[in-house]
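Quick look at query33.pdb (PDB, C-alpha atoms, pLDDT in the B column):
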ATOM      1  CA  MET C   3      16.254   0.169  -2.796  1.00 39.00           C
ATOM      2  CA  THR C   4      17.552  -0.571   0.696  1.00 42.00           C
ATOM      3  CA  LEU C   5      15.563  -1.996   3.593  1.00 42.00           C
ATOM      4  CA  ARG C   6      15.495   1.012   5.910  1.00 40.00           C
ATOM      5  CA  PRO C   7      13.983   3.519   3.464  1.00 39.00           C
ATOM      6  CA  LEU C   8      10.936   1.236   3.217  1.00 38.00           C
ATOM      7  CA  ALA C   9       9.558   2.357   6.577  1.00 36.00           C
ATOM      8  CA  CYS C  10       7.056   4.620   4.881  1.00 39.00           C
ATOM      9  CA  LEU C  11       5.761   1.931   2.589  1.00 37.00           C
ATOM     10  CA  ALA C  12       4.362   0.137   5.584  1.00 34.00           C
ATOM     11  CA  ALA C  13       2.726   3.375   6.620  1.00 34.00           C
ATOM     12  CA  LEU C  14      -0.495   2.322   4.973  1.00 36.00           C
ATOM     13  CA  LEU C  15      -2.372   0.234   3.689  1.00 35.00           C
ATOM     14  CA  VAL C  16      -6.550  -6.145  -5.885  1.00 31.00           C
ATOM     15  CA  GLY C  17      -5.188  -6.422  -8.884  1.00 31.00           C
ATOM     16  CA  VAL C  18      -4.519  -9.740 -10.562  1.00 30.00           C
ATOM     17  CA  LEU C  19      -0.838 -10.384  -9.923  1.00 33.00           C
ATOM     18  CA  GLY C  20      -0.362 -13.578 -11.871  1.00 34.00           C
ATOM     19  CA  ALA C  21       2.476 -15.815 -10.689  1.00 36.00           C
ATOM     20  CA  GLY C  22       3.436 -13.343  -7.978  1.00 40.00           C
ATOM     21  CA  ALA C  23       0.084 -13.393  -6.183  1.00 42.00           C
ATOM     22  CA  PRO C  24       0.133 -13.627  -2.368  1.00 44.00           C
ATOM     23  CA  ALA C  25      -0.779 -16.913  -0.751  1.00 41.00           C
ATOM     24  CA  HIS C  26      -3.591 -15.331   1.337  1.00 49.00           C
ATOM     25  CA  ALA C  27      -6.682 -13.333   0.329  1.00 70.00           C
ATOM     26  CA  VAL C  28      -6.285  -9.555   0.425  1.00 90.00           C
ATOM     27  CA  ASP C  29      -8.576  -6.600  -0.264  1.00 95.00           C
ATOM     28  CA  ALA C  30      -5.996  -4.298  -1.859  1.00 96.00           C
ATOM     29  CA  VAL C  31      -2.518  -4.439  -3.322  1.00 96.00           C
ATOM     30  CA  LEU C  32      -0.525  -1.199  -3.381  1.00 96.00           C
ATOM     31  CA  TYR C  33       2.857  -0.350  -4.846  1.00 96.00           C
ATOM     32  CA  GLU C  34       5.282   2.334  -3.700  1.00 94.00           C
ATOM     33  CA  VAL C  35       5.873   4.699  -6.619  1.00 93.00           C
ATOM     34  CA  THR C  36       7.818   7.493  -4.854  1.00 89.00           C
ATOM     35  CA  GLU C  37       9.803   7.821  -1.607  1.00 83.00           C
ATOM     36  CA  ALA C  38      11.931  10.442   0.149  1.00 82.00           C
ATOM     37  CA  VAL C  39      13.934   9.521   3.266  1.00 77.00           C
ATOM     38  CA  LYS C  40      15.308  11.837   5.959  1.00 77.00           C
ATOM     39  CA  VAL C  41      18.333  10.830   8.034  1.00 75.00           C
ATOM     40  CA  THR C  42      20.016  12.471  11.022  1.00 74.00           C
ATOM     41  CA  GLY C  43      23.625  12.742  12.128  1.00 64.00           C
ATOM     42  CA  LYS C  44      26.828  11.929  10.306  1.00 64.00           C
ATOM     43  CA  GLY C  45      26.120   8.230  10.633  1.00 61.00           C
ATOM     44  CA  GLY C  46      22.958   8.586   8.597  1.00 61.00           C
ATOM     45  CA  ALA C  47      20.524   7.176  11.182  1.00 62.00           C
ATOM     46  CA  PHE C  48      16.991   6.762   9.858  1.00 60.00           C
ATOM     47  CA  LYS C  49      14.574   9.525  10.893  1.00 62.00           C
ATOM     48  CA  SER C  50      11.469   9.392   8.715  1.00 71.00           C
ATOM     49  CA  SER C  51      10.274   8.840   5.192  1.00 79.00           C
ATOM     50  CA  THR C  52       7.405   9.940   3.015  1.00 87.00           C
ATOM     51  CA  ALA C  53       6.031   8.016   0.079  1.00 89.00           C
ATOM     52  CA  THR C  54       3.248   7.791  -2.450  1.00 94.00           C
ATOM     53  CA  LEU C  55       1.573   4.453  -3.046  1.00 95.00           C
ATOM     54  CA  THR C  56      -1.137   3.405  -5.453  1.00 96.00           C
ATOM     55  CA  GLY C  57      -3.031   0.264  -6.339  1.00 96.00           C
ATOM     56  CA  GLU C  58      -6.430  -1.347  -6.746  1.00 96.00           C
ATOM     57  CA  ILE C  59      -9.101  -2.151  -4.148  1.00 96.00           C
ATOM     58  CA  ALA C  60     -11.338  -5.166  -4.684  1.00 95.00           C
ATOM     59  CA  PRO C  61     -15.086  -4.551  -5.145  1.00 95.00           C
ATOM     60  CA  GLY C  62     -17.268  -5.310  -2.144  1.00 94.00           C
ATOM     61  CA  THR C  63     -14.843  -3.831   0.394  1.00 92.00           C
ATOM     62  CA  ALA C  64     -15.275  -0.874   2.730  1.00 88.00           C
ATOM     63  CA  LEU C  65     -13.552   1.577   0.384  1.00 95.00           C
ATOM     64  CA  CYS C  66     -14.959   0.139  -2.854  1.00 96.00           C
ATOM     65  CA  PRO C  67     -18.600  -0.923  -2.363  1.00 95.00           C
ATOM     66  CA  THR C  68     -20.215  -3.249  -4.880  1.00 96.00           C
ATOM     67  CA  TRP C  69     -22.911  -0.738  -5.802  1.00 96.00           C
ATOM     68  CA  LEU C  70     -20.236   1.799  -6.823  1.00 96.00           C
ATOM     69  CA  VAL C  71     -18.442  -0.489  -9.290  1.00 95.00           C
ATOM     70  CA  GLN C  72     -21.783  -1.606 -10.713  1.00 95.00           C
ATOM     71  CA  GLN C  73     -23.014   1.972 -11.101  1.00 94.00           C
ATOM     72  CA  LEU C  74     -19.791   3.131 -12.800  1.00 94.00           C
ATOM     73  CA  ASN C  75     -19.100  -0.142 -14.642  1.00 92.00           C
ATOM     74  CA  LEU C  76     -15.699  -0.584 -12.988  1.00 92.00           C
ATOM     75  CA  ALA C  77     -13.588  -3.683 -12.447  1.00 93.00           C
ATOM     76  CA  ALA C  78     -12.100  -2.219  -9.227  1.00 94.00           C
ATOM     77  CA  CYS C  79     -11.457   1.066  -7.425  1.00 96.00           C
ATOM     78  CA  THR C  80      -8.062   2.754  -7.299  1.00 97.00           C
ATOM     79  CA  ILE C  81      -6.436   4.245  -4.193  1.00 97.00           C
ATOM     80  CA  VAL C  82      -3.677   6.857  -3.954  1.00 97.00           C
ATOM     81  CA  VAL C  83      -1.918   7.093  -0.575  1.00 96.00           C
ATOM     82  CA  ARG C  84       0.455   9.724   0.803  1.00 95.00           C
ATOM     83  CA  ALA C  85       2.225   8.204   3.823  1.00 93.00           C
ATOM     84  CA  THR C  86       4.757   9.119   6.479  1.00 90.00           C
ATOM     85  CA  GLY C  87       6.591   6.604   8.662  1.00 86.00           C
ATOM     86  CA  HIS C  88       8.768   6.913  11.779  1.00 84.00           C
ATOM     87  CA  ALA C  89      10.124   3.430  12.463  1.00 83.00           C
ATOM     88  CA  ASP C  90      12.684   3.182  15.248  1.00 83.00           C
ATOM     89  CA  ASP C  91      16.181   2.816  13.807  1.00 79.00           C
ATOM     90  CA  ALA C  92      17.054  -0.024  16.185  1.00 83.00           C
ATOM     91  CA  THR C  93      13.803  -1.996  16.488  1.00 88.00           C
ATOM     92  CA  GLY C  94      12.096  -1.196  13.193  1.00 87.00           C
ATOM     93  CA  VAL C  95       8.811  -0.524  15.024  1.00 91.00           C
ATOM     94  CA  GLY C  96       7.033   2.825  15.169  1.00 91.00           C
ATOM     95  CA  PRO C  97       4.021   4.973  14.243  1.00 93.00           C
ATOM     96  CA  ALA C  98       2.896   5.642  10.703  1.00 93.00           C
ATOM     97  CA  GLY C  99       0.036   7.499   9.107  1.00 93.00           C
ATOM     98  CA  GLY C 100      -1.220   9.238   6.041  1.00 94.00           C
ATOM     99  CA  ASP C 101      -4.140  10.330   3.922  1.00 97.00           C
ATOM    100  CA  PHE C 102      -5.617   8.783   0.823  1.00 97.00           C
ATOM    101  CA  ASP C 103      -7.968   9.304  -2.114  1.00 98.00           C
ATOM    102  CA  VAL C 104     -10.209   6.692  -3.670  1.00 97.00           C
ATOM    103  CA  VAL C 105     -10.327   7.503  -7.391  1.00 97.00           C
ATOM    104  CA  VAL C 106     -12.244   6.175 -10.388  1.00 95.00           C
ATOM    105  CA  GLN C 107     -11.812   6.340 -14.144  1.00 89.00           C
ATOM    106  CA  ASP C 108     -13.230   9.204 -16.211  1.00 86.00           C
ATOM    107  CA  TRP C 109     -13.966   9.153 -19.947  1.00 83.00           C
ATOM    108  CA  ASN C 110     -10.276   8.721 -20.851  1.00 83.00           C
ATOM    109  CA  ASN C 111      -9.580   5.058 -20.175  1.00 83.00           C
ATOM    110  CA  ALA C 112      -6.117   5.362 -21.726  1.00 87.00           C
ATOM    111  CA  ASP C 113      -5.060   7.361 -18.671  1.00 87.00           C
ATOM    112  CA  SER C 114      -4.849   6.290 -15.029  1.00 89.00           C
ATOM    113  CA  PRO C 115      -7.981   6.732 -12.857  1.00 93.00           C
ATOM    114  CA  GLU C 116      -7.976  10.216 -11.315  1.00 93.00           C
ATOM    115  CA  ILE C 117     -11.497  11.323 -10.312  1.00 95.00           C
ATOM    116  CA  VAL C 118     -11.631  11.511  -6.495  1.00 97.00           C
ATOM    117  CA  VAL C 119     -14.821  10.067  -5.001  1.00 97.00           C
ATOM    118  CA  MET C 120     -13.705   9.505  -1.380  1.00 98.00           C
ATOM    119  CA  LYS C 121     -11.012  10.874   0.927  1.00 98.00           C
ATOM    120  CA  GLY C 122      -9.717   9.407   4.168  1.00 97.00           C
ATOM    121  CA  THR C 123      -6.967   8.969   6.718  1.00 97.00           C
ATOM    122  CA  MET C 124      -5.078   5.997   8.131  1.00 96.00           C
ATOM    123  CA  ASN C 125      -2.988   5.643  11.279  1.00 96.00           C
ATOM    124  CA  GLY C 126      -1.253   2.649  12.761  1.00 95.00           C
ATOM    125  CA  THR C 127       1.948   0.920  13.794  1.00 94.00           C
ATOM    126  CA  ILE C 128       4.520  -0.545  11.465  1.00 90.00           C
ATOM    127  CA  ASP C 129       6.782  -3.461  12.314  1.00 90.00           C
ATOM    128  CA  LEU C 130       9.870  -3.551  10.141  1.00 87.00           C
ATOM    129  CA  SER C 131      11.886  -5.650  12.562  1.00 90.00           C
ATOM    130  CA  PRO C 132      12.341  -8.520  10.065  1.00 91.00           C
ATOM    131  CA  ALA C 133      13.933  -6.074   7.617  1.00 86.00           C
ATOM    132  CA  PHE C 134      15.840  -3.944  10.142  1.00 85.00           C
ATOM    133  CA  THR C 135      17.234  -6.673  12.389  1.00 86.00           C
ATOM    134  CA  LYS C 136      17.140  -9.901  10.359  1.00 87.00           C
ATOM    135  CA  HIS C 137      17.542  -8.617   6.783  1.00 88.00           C
ATOM    136  CA  GLN C 138      14.356 -10.396   5.744  1.00 91.00           C
ATOM    137  CA  PRO C 139      12.435  -8.635   2.923  1.00 94.00           C
ATOM    138  CA  VAL C 140       9.046  -8.470   4.684  1.00 94.00           C
ATOM    139  CA  GLY C 141       7.205  -6.417   7.294  1.00 91.00           C
ATOM    140  CA  SER C 142       3.733  -5.785   8.694  1.00 90.00           C
ATOM    141  CA  ILE C 143       1.297  -2.962   9.448  1.00 91.00           C
ATOM    142  CA  ALA C 144      -1.918  -2.617  11.457  1.00 94.00           C
ATOM    143  CA  GLY C 145      -4.138   0.332  12.320  1.00 96.00           C
ATOM    144  CA  LYS C 146      -7.418   2.180  11.755  1.00 97.00           C
ATOM    145  CA  PHE C 147      -8.924   4.054   8.812  1.00 97.00           C
ATOM    146  CA  LEU C 148     -11.686   6.647   8.420  1.00 97.00           C
ATOM    147  CA  ALA C 149     -13.102   7.923   5.124  1.00 97.00           C
ATOM    148  CA  GLY C 150     -15.997   9.848   3.616  1.00 97.00           C
ATOM    149  CA  GLY C 151     -17.384  10.368   0.143  1.00 97.00           C
ATOM    150  CA  LEU C 152     -17.010  13.746  -1.558  1.00 97.00           C
ATOM    151  CA  GLN C 153     -20.035  15.985  -1.928  1.00 95.00           C
ATOM    152  CA  ASN C 154     -21.682  15.987  -5.358  1.00 92.00           C
ATOM    153  CA  GLY C 155     -19.937  12.706  -6.182  1.00 94.00           C
ATOM    154  CA  PRO C 156     -21.262   9.146  -6.460  1.00 95.00           C
ATOM    155  CA  MET C 157     -20.177   8.384  -2.872  1.00 96.00           C
ATOM    156  CA  ALA C 158     -21.610  11.550  -1.289  1.00 96.00           C
ATOM    157  CA  GLY C 159     -22.909  10.753   2.201  1.00 95.00           C
ATOM    158  CA  THR C 160     -21.004   7.458   2.373  1.00 95.00           C
ATOM    159  CA  ARG C 161     -18.851   6.885   5.448  1.00 95.00           C
ATOM    160  CA  ALA C 162     -16.382   4.072   6.012  1.00 96.00           C
ATOM    161  CA  SER C 163     -14.316   3.186   9.073  1.00 96.00           C
ATOM    162  CA  GLY C 164     -12.611   0.176  10.549  1.00 95.00           C
ATOM    163  CA  THR C 165      -9.275  -1.508  10.935  1.00 95.00           C
ATOM    164  CA  PHE C 166      -6.659  -2.669   8.462  1.00 94.00           C
ATOM    165  CA  ALA C 167      -3.755  -5.083   8.526  1.00 94.00           C
ATOM    166  CA  GLY C 168      -1.166  -5.690   5.887  1.00 93.00           C
ATOM    167  CA  THR C 169       2.022  -7.333   4.766  1.00 95.00           C
ATOM    168  CA  PHE C 170       4.591  -5.599   2.635  1.00 88.00           C
ATOM    169  CA  ARG C 171       7.213  -7.277   0.503  1.00 96.00           C
ATOM    170  CA  LEU C 172      10.536  -5.712  -0.438  1.00 93.00           C
ATOM    171  CA  PRO C 173      11.927  -6.702  -3.823  1.00 95.00           C
ATOM    172  CA  PHE C 174      15.307  -8.428  -3.763  1.00 95.00           C
ATOM    173  CA  ARG C 175      17.434 -10.112  -6.391  1.00 95.00           C
ATOM    174  CA  VAL C 176      17.646 -13.860  -6.916  1.00 94.00           C
ATOM    175  CA  ALA C 177      19.838 -14.998  -9.816  1.00 93.00           C
ATOM    176  CA  GLY C 178      19.850 -11.396 -10.990  1.00 94.00           C
ATOM    177  CA  ARG C 179      16.054 -11.100 -11.117  1.00 96.00           C
ATOM    178  CA  ALA C 180      13.843  -8.960  -8.882  1.00 97.00           C
ATOM    179  CA  SER C 181      11.738 -11.209  -6.645  1.00 97.00           C
ATOM    180  CA  TYR C 182       9.403 -11.226  -3.636  1.00 96.00           C
ATOM    181  CA  LEU C 183       9.284 -13.538  -0.623  1.00 95.00           C
ATOM    182  CA  LEU C 184       5.799 -14.951   0.098  1.00 94.00           C
ATOM    183  CA  ASP C 185       4.411 -16.030   3.470  1.00 91.00           C
ATOM    184  CA  ASP C 186       5.093 -19.713   2.852  1.00 92.00           C
ATOM    185  CA  GLY C 187       8.743 -19.046   2.015  1.00 91.00           C
ATOM    186  CA  THR C 188       8.230 -19.262  -1.743  1.00 93.00           C
ATOM    187  CA  VAL C 189      10.263 -16.836  -3.838  1.00 96.00           C
ATOM    188  CA  VAL C 190       8.438 -15.441  -6.888  1.00 96.00           C
ATOM    189  CA  GLN C 191       9.706 -13.153  -9.622  1.00 96.00           C
ATOM    190  CA  ALA C 192       8.281  -9.659  -9.911  1.00 97.00           C
ATOM    191  CA  GLN C 193       5.825  -9.420 -12.788  1.00 96.00           C
ATOM    192  CA  PRO C 194       6.076  -6.759 -15.534  1.00 96.00           C
ATOM    193  CA  GLN C 195       3.288  -4.673 -13.954  1.00 95.00           C
ATOM    194  CA  GLU C 196       5.264  -4.566 -10.700  1.00 96.00           C
ATOM    195  CA  PHE C 197       8.035  -2.418 -12.194  1.00 96.00           C
ATOM    196  CA  SER C 198       8.248   1.364 -12.473  1.00 94.00           C
ATOM    197  CA  LEU C 199      10.981   3.028 -14.558  1.00 93.00           C
ATOM    198  CA  GLY C 200      12.838  -0.267 -14.687  1.00 93.00           C
ATOM    199  CA  GLN C 201      12.824  -0.890 -10.919  1.00 94.00           C
ATOM    200  CA  ALA C 202      10.669  -3.403  -9.043  1.00 96.00           C
ATOM    201  CA  MET C 203       8.344  -1.685  -6.569  1.00 95.00           C
ATOM    202  CA  VAL C 204       7.729  -2.539  -2.949  1.00 94.00           C
ATOM    203  CA  ARG C 205       4.388  -4.339  -2.655  1.00 96.00           C
ATOM    204  CA  LEU C 206       1.885  -3.839   0.172  1.00 96.00           C
ATOM    205  CA  GLU C 207      -1.003  -6.298   0.618  1.00 96.00           C
ATOM    206  CA  VAL C 208      -3.862  -5.088   2.818  1.00 95.00           C
ATOM    207  CA  SER C 209      -7.069  -6.477   4.334  1.00 94.00           C
ATOM    208  CA  PHE C 210      -9.860  -4.265   5.746  1.00 92.00           C
ATOM    209  CA  THR C 211     -12.399  -4.932   8.515  1.00 90.00           C
ATOM    210  CA  ASN C 212     -15.489  -2.709   8.725  1.00 87.00           C
ATOM    211  CA  GLY C 213     -16.446  -0.956  11.955  1.00 78.00           C
ATOM    212  CA  ARG C 214     -14.387   0.613  14.708  1.00 57.00           C
TER     213      ARG C 214
END
Please rewrite the model in this file as structure tokens.
Amino acid sequence: MTLRPLACLAALLVGVLGAGAPAHAVDAVLYEVTEAVKVTGKGGAFKSSTATLTGEIAPGTALCPTWLVQQLNLAACTIVVRATGHADDATGVGPAGGDFDVVVQDWNNADSPEIVVMKGTMNGTIDLSPAFTKHQPVGSIAGKFLAGGLQNGPMAGTRASGTFAGTFRLPFRVAGRASYLLDDGTVVQAQPQEFSLGQAMVRLEVSFTNGR
């Protein structure tokens, strides 16, 4: 995966990551599982991209309250994000937004969580300048989110809003192995759970702050 198509990953927005864990505390870790990029002109200038991301949200956060995981006997909540990004082709900075579902496990724990209990939107600004202009495999995102629980579900009547900020890490190869660059400059190998169909996924680490 190249650097420029990752603009959508930063469009949004905690599992245990083992040796590849980030150096700072985060509320959610998402991985890009699909992406489609549009380009313009014969030169192939970046225009926009859309992507789907998924990952786990830590209990006790705005989108995964402690009472919910206790009531449903969950270790964490899962989030599914559909994002669109429009980073400037020269600066790597631009608007991004999307919608998301917070989902929980049903009776079939052999399958991925899929029962929607909350829906929301996110909007913000992505900064891919390290990737676009310096070829560094990192970027950042900041913005606002708004969400509400679905009627007749366990989060009915629940509202959540606030700000979010995140760091995303593009996989790159070191000695032939997919790796990530951490904030302190450490290079760590991608763990088995960070691969999809044999390819390392882009990783997005997000922190939430309640309130507008």
(message) (-11.9, 11.7, 0.1) in this file's frame - what residues fall within 8 Å of it? Use all atoms listed in the file and give the answer as a VMD selection string.
(response) chain C and resid 102 to 104 118 to 122 149 to 152
(request) Given the file shown, determine the residues that the PyMOL selection byres ((chain C and resi 105-115) around 12) selects; report them as an NGL selection string. (result) :C and (56-59 or 65-66 or 70-71 or 73-83 or 102-104 or 116-122 or 151-152 or 155-157)
(message) One decimal, in Å: what's the spacing between atom CA of Ala64 of chain C and atom CA of Ser142 of chain C?
(response) 20.5 Å
(request) Could you jot down the atom CA of Thr188 of chain C to atom CA of Arg205 of chain C separation for me, Å, one decimal place? (result)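 Computing the Euclidean distance for atom CA of Thr188 of chain C and atom CA of Arg205 of chain C yields 15.4 Å.
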(message) Could you tell me how far atom CA of Asp186 of chain C sits from atom CA of Ala53 of chain C, in Å to one decimal place?
(response)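 If I compute the distance from atom CA of Ala53 of chain C to atom CA of Asp186 of chain C, I get 27.9 Å.
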Segment 159-177 of chain C: axis-aligned bounding box, 8 Å on each side, centre and edge lengths in Å, one decimal, as JSON:
{"center_x": -1.5, "center_y": -2.1, "center_z": 0.6, "size_x": 58.7, "size_y": 41.8, "size_z": 36.8}
(message) Need to verify the contact set: Leu206 of chain C, 6 Å, all atoms listed in the file, exclusion of same-chain residues closer than 2 positions in sequence. Can you return it as a list in words?
(response) Val31, Leu32, Thr169 and Phe170 of chain C
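In terms of minimum interatomic distance to Asp185 of chain C, C:Val140 ranks closest within C:Ala85, C:Ala133, C:Val140, C:Val39, counting all atoms listed in the file.
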Would you write out, as an mmCIF file with C-alpha atoms, in the frame of the given file, every residue that the PyMOL selection byres ((chain C and resi 177-180) around 9) captures in this file?
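The resulting selection.cif:
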data_model
loop_
_atom_site.group_PDB
_atom_site.id
_atom_site.type_symbol
_atom_site.label_atom_id
_atom_site.label_comp_id
_atom_site.auth_asym_id
_atom_site.auth_seq_id
_atom_site.Cartn_x
_atom_site.Cartn_y
_atom_site.Cartn_z
ATOM 1 C CA PRO C 173 11.927 -6.702 -3.823
ATOM 2 C CA PHE C 174 15.307 -8.428 -3.763
ATOM 3 C CA ARG C 175 17.434 -10.112 -6.391
ATOM 4 C CA VAL C 176 17.646 -13.860 -6.916
ATOM 5 C CA SER C 181 11.738 -11.209 -6.645
ATOM 6 C CA TYR C 182 9.403 -11.226 -3.636
ATOM 7 C CA VAL C 190 8.438 -15.441 -6.888
ATOM 8 C CA GLN C 191 9.706 -13.153 -9.622
ATOM 9 C CA ALA C 192 8.281 -9.659 -9.911
ATOM 10 C CA GLN C 193 5.825 -9.420 -12.788
ATOM 11 C CA GLN C 201 12.824 -0.890 -10.919
ATOM 12 C CA ALA C 202 10.669 -3.403 -9.043
#
(request) Mind checking which residues fall within 10 Å of Thr63 of chain C, counting all atoms listed in the file, ignoring those fewer than 3 positions away in the same chain, and posting them as a PyMOL selection string? (result) chain C and resi 29-30+59-60+66-68+79+162+209-212
(message) Restricting the calculation to only C-alpha atoms: of C:Gln138, C:Lys146, C:Pro97, C:Tyr33, which residue gets closest to Gly187 of chain C?
(response)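 Using only C-alpha atoms, Gly187 of chain C sits closest to C:Gln138.
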Since the input lacks atoms, please generate N, CA and C atoms for segment 86-101 of chain C and provide them as a PDB file, keeping the file's coordinate frame.
ATOM      1  N   THR C  86       3.546   8.751   5.742  1.00 90.00           N
ATOM      2  CA  THR C  86       4.757   9.119   6.479  1.00 90.00           C
ATOM      3  C   THR C  86       5.006   8.073   7.559  1.00 90.00           C
ATOM      4  N   GLY C  87       6.247   7.616   7.675  1.00 86.00           N
ATOM      5  CA  GLY C  87       6.591   6.604   8.662  1.00 86.00           C
ATOM      6  C   GLY C  87       7.741   7.033   9.545  1.00 86.00           C
ATOM      7  N   HIS C  88       7.729   6.581  10.799  1.00 84.00           N
ATOM      8  CA  HIS C  88       8.768   6.913  11.779  1.00 84.00           C
ATOM      9  C   HIS C  88       9.194   5.652  12.522  1.00 84.00           C
ATOM     10  N   ALA C  89       9.680   4.661  11.819  1.00 83.00           N
ATOM     11  CA  ALA C  89      10.124   3.430  12.463  1.00 83.00           C
ATOM     12  C   ALA C  89      11.405   3.670  13.250  1.00 83.00           C
ATOM     13  N   ASP C  90      11.494   3.061  14.423  1.00 83.00           N
ATOM     14  CA  ASP C  90      12.684   3.182  15.248  1.00 83.00           C
ATOM     15  C   ASP C  90      13.873   2.565  14.531  1.00 83.00           C
ATOM     16  N   ASP C  91      15.018   3.266  14.564  1.00 79.00           N
ATOM     17  CA  ASP C  91      16.181   2.816  13.807  1.00 79.00           C
ATOM     18  C   ASP C  91      16.744   1.501  14.333  1.00 79.00           C
ATOM     19  N   ALA C  92      16.522   1.206  15.607  1.00 83.00           N
ATOM     20  CA  ALA C  92      17.054  -0.024  16.185  1.00 83.00           C
ATOM     21  C   ALA C  92      16.073  -1.184  16.110  1.00 83.00           C
ATOM     22  N   THR C  93      14.782  -0.912  16.428  1.00 88.00           N
ATOM     23  CA  THR C  93      13.803  -1.996  16.488  1.00 88.00           C
ATOM     24  C   THR C  93      13.013  -2.177  15.203  1.00 88.00           C
ATOM     25  N   GLY C  94      12.903  -1.120  14.400  1.00 87.00           N
ATOM     26  CA  GLY C  94      12.096  -1.196  13.193  1.00 87.00           C
ATOM     27  C   GLY C  94      10.613  -1.017  13.428  1.00 87.00           C
ATOM     28  N   VAL C  95      10.223  -0.689  14.668  1.00 91.00           N
ATOM     29  CA  VAL C  95       8.811  -0.524  15.024  1.00 91.00           C
ATOM     30  C   VAL C  95       8.527   0.944  15.317  1.00 91.00           C
ATOM     31  N   GLY C  96       7.371   1.442  14.892  1.00 91.00           N
ATOM     32  CA  GLY C  96       7.033   2.825  15.169  1.00 91.00           C
ATOM     33  C   GLY C  96       5.711   3.235  14.548  1.00 91.00           C
ATOM     34  N   PRO C  97       5.305   4.486  14.773  1.00 93.00           N
ATOM     35  CA  PRO C  97       4.021   4.973  14.243  1.00 93.00           C
ATOM     36  C   PRO C  97       4.118   5.312  12.768  1.00 93.00           C
ATOM     37  N   ALA C  98       2.977   5.263  12.112  1.00 93.00           N
ATOM     38  CA  ALA C  98       2.896   5.642  10.703  1.00 93.00           C
ATOM     39  C   ALA C  98       1.490   6.120  10.415  1.00 93.00           C
ATOM     40  N   GLY C  99       1.356   7.000   9.455  1.00 93.00           N
ATOM     41  CA  GLY C  99       0.036   7.499   9.107  1.00 93.00           C
ATOM     42  C   GLY C  99       0.048   8.194   7.774  1.00 93.00           C
ATOM     43  N   GLY C 100      -1.132   8.547   7.313  1.00 94.00           N
ATOM     44  CA  GLY C 100      -1.220   9.238   6.041  1.00 94.00           C
ATOM     45  C   GLY C 100      -2.650   9.502   5.640  1.00 94.00           C
ATOM     46  N   ASP C 101      -2.819  10.100   4.482  1.00 97.00           N
ATOM     47  CA  ASP C 101      -4.140  10.330   3.922  1.00 97.00           C
ATOM     48  C   ASP C 101      -4.226   9.675   2.561  1.00 97.00           C
TER      49      ASP C 101
END
